[in-house]
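Participant: The structure's right below; bear with me while I get my questions together.
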Amino acid sequence: SAVNKQPWRFHIVSSEEEKAKIQECYNRDWFKTAPMYVIASILHDEEWVRADGKHHGDIDIAIAVEHLCLAATEQGLATCWVCNFDATMCKELFVLPENEEPAVIVPLGYAADEMKQKSRKTINQIIG
């Protein structure tokens, strides 16, 4: 993280009560099959701010979550970035403090036997 500030908090969601709450924030059938979730939040009062005013909490949380996803994959688990959720509802349901912004939800579990393959851009489309 920028200047090693580590401006994040990870909330583990595994009880049935908490899982019902998180599923209200992102109501998708596939999402409801996960045995647990991680809410990754930015701690805005701890994030580093560059001299020109650029806040780095969003970058730092992205790095940390991707490391979590890679580590889970190494252990044979499946993850998925979920950013299209109701962050305001999540903050309220989990009673997060004012300085904390839920940025990503990561469902964590084992992949389905048959997964739909997603298309990817070719190497020539992403290198300029």
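Residues are referred to by chain and number: the chain letter is A, B, ... according to the order shown in the structure tokens, the number counts from 1 in that chain, and ligands are numbered separately from 1 in the order shown.
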Taking the backbone alone, and naming residues the way the document does, which bits of chain A are helix (DSSP H, G or I) by DSSP, as a PyMOL selection string?
Facilitator: chain A and resi 2-4+16-25+31-33+57-74+87-93+123-126
Participant: What lies within 12 Å of Pro97 (chain A) using only C-alpha atoms, ignoring chain neighbours under 2 positions off, as a list in words?
Facilitator: Arg9, Ser41, Ile42, Leu43, His44, Asp45, Thr88, Cys90, Lys91, Glu92, Leu93, Phe94, Val95, Asn99, Glu100, Glu101 and Pro102 of chain A
Participant: With distances taken over only C-alpha atoms, which of A:Gln125, A:Ser15, A:Ser1, A:Gln23 is nearest to Pro107 (chain A)?
Facilitator: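 For Pro107 (chain A), the nearest of the candidates is A:Gln23.
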Participant: Hey, which of A:Glu66, A:Asp29, A:Glu46, A:Glu74 ends up closest to Val104 (chain A)? Count only C-alpha atoms.
Facilitator: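 Of all the options, A:Glu66 lies closest to Val104 (chain A).
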Participant: Going by DSSP on the backbone, which bits of chain A are strand (DSSP E or B)? Write them as a list of chain:residue names, please.
Facilitator: A:Trp8, A:Arg9, A:Phe10, A:His11, A:Ile12, A:Val13, A:Met36, A:Tyr37, A:Val38, A:Ile39, A:Ala40, A:Ser41, A:Ile42, A:Leu43, A:Val49, A:His55, A:Ala78, A:Thr79, A:Val82, A:Glu100, A:Glu101, A:Pro102, A:Ala103, A:Val104, A:Ile105, A:Val106, A:Pro107, A:Leu108, A:Gly109
Participant: I'd like to know which of A:Gly53, A:Met36, A:Val13, A:Gly128 is closest to Leu77 (chain A), using only C-alpha atoms.
Facilitator: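 Residue with the minimum atom-to-atom distance to Leu77 (chain A): A:Met36.
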Participant: Neighbours of Val82 (chain A) within 10 Å (only C-alpha atoms; same-chain residues fewer than 4 positions away dropped), as an NGL selection string?
Facilitator: :A and (26 or 31 or 39 or 103-107)
Participant: Just checking: using only C-alpha atoms, which residue out of A:Glu16, A:Asp52, A:Ile123, A:Leu108 ends up closest to Ala72 (chain A)?
Facilitator: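 Nearest candidate to Ala72 (chain A) out of A:Glu16, A:Asp52, A:Ile123, A:Leu108: A:Leu108.
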Participant: Please measure the separation of CA of Ala64 (chain A) and CA of Ile22 (chain A), giving the value in Å to one decimal.
Facilitator: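 Result for CA of Ala64 (chain A) versus CA of Ile22 (chain A): 20.5 Å, one decimal.
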Participant: As a PyMOL selection string, please: the residues near Asp60 (chain A) (cut-off 9 Å, only C-alpha atoms, same-chain neighbours under 3 positions excluded).
Facilitator: chain A and resi 1-2+5-8+42+47+56-57+63-65
Participant: Those same residues - N, CA and C atoms - I'd like them written as a PDB file, in the first residue's frame.
Facilitator:
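The new file again.pdb reads:
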```
ATOM      1  N   SER A   1       0.848  -1.185   0.000  1.00  0.00           N
ATOM      2  CA  SER A   1       0.000   0.000   0.000  1.00  0.00           C
ATOM      3  C   SER A   1       0.887   1.240   0.000  1.00  0.00           C
ATOM      4  N   ALA A   2       0.325   2.331  -0.483  1.00  0.00           N
ATOM      5  CA  ALA A   2       1.082   3.582  -0.535  1.00  0.00           C
ATOM      6  C   ALA A   2       1.556   3.966   0.862  1.00  0.00           C
ATOM      7  N   LYS A   5       0.521   2.423   4.477  1.00  0.00           N
ATOM      8  CA  LYS A   5      -0.574   2.856   5.362  1.00  0.00           C
ATOM      9  C   LYS A   5      -1.566   1.734   5.677  1.00  0.00           C
ATOM     10  N   GLN A   6      -1.743   0.782   4.734  1.00  0.00           N
ATOM     11  CA  GLN A   6      -2.673  -0.338   4.922  1.00  0.00           C
ATOM     12  C   GLN A   6      -4.071   0.144   5.351  1.00  0.00           C
ATOM     13  N   PRO A   7      -4.672   1.022   4.533  1.00  0.00           N
ATOM     14  CA  PRO A   7      -5.946   1.629   4.923  1.00  0.00           C
ATOM     15  C   PRO A   7      -7.161   0.760   4.592  1.00  0.00           C
ATOM     16  N   TRP A   8      -7.184  -0.428   5.159  1.00  0.00           N
ATOM     17  CA  TRP A   8      -8.270  -1.343   4.843  1.00  0.00           C
ATOM     18  C   TRP A   8      -8.728  -2.116   6.063  1.00  0.00           C
ATOM     19  N   ILE A  42     -12.370   0.437   2.609  1.00  0.00           N
ATOM     20  CA  ILE A  42     -11.319   1.450   2.660  1.00  0.00           C
ATOM     21  C   ILE A  42     -11.524   2.263   3.935  1.00  0.00           C
ATOM     22  N   GLU A  47      -5.953   6.451   4.709  1.00  0.00           N
ATOM     23  CA  GLU A  47      -5.350   6.348   3.377  1.00  0.00           C
ATOM     24  C   GLU A  47      -4.344   7.471   3.142  1.00  0.00           C
ATOM     25  N   HIS A  56      -5.298   7.477  -2.278  1.00  0.00           N
ATOM     26  CA  HIS A  56      -4.859   6.173  -2.758  1.00  0.00           C
ATOM     27  C   HIS A  56      -5.577   4.997  -2.111  1.00  0.00           C
ATOM     28  N   GLY A  57      -6.606   5.235  -1.320  1.00  0.00           N
ATOM     29  CA  GLY A  57      -7.335   4.140  -0.687  1.00  0.00           C
ATOM     30  C   GLY A  57      -7.937   3.177  -1.680  1.00  0.00           C
ATOM     31  N   ILE A  63      -5.269  -3.544  -4.660  1.00  0.00           N
ATOM     32  CA  ILE A  63      -4.077  -4.386  -4.547  1.00  0.00           C
ATOM     33  C   ILE A  63      -4.293  -5.462  -3.491  1.00  0.00           C
ATOM     34  N   ALA A  64      -4.782  -5.080  -2.333  1.00  0.00           N
ATOM     35  CA  ALA A  64      -4.975  -6.033  -1.229  1.00  0.00           C
ATOM     36  C   ALA A  64      -5.993  -7.111  -1.592  1.00  0.00           C
ATOM     37  N   VAL A  65      -7.100  -6.719  -2.220  1.00  0.00           N
ATOM     38  CA  VAL A  65      -8.137  -7.697  -2.582  1.00  0.00           C
ATOM     39  C   VAL A  65      -7.618  -8.647  -3.661  1.00  0.00           C
TER      40      VAL A  65
END
```
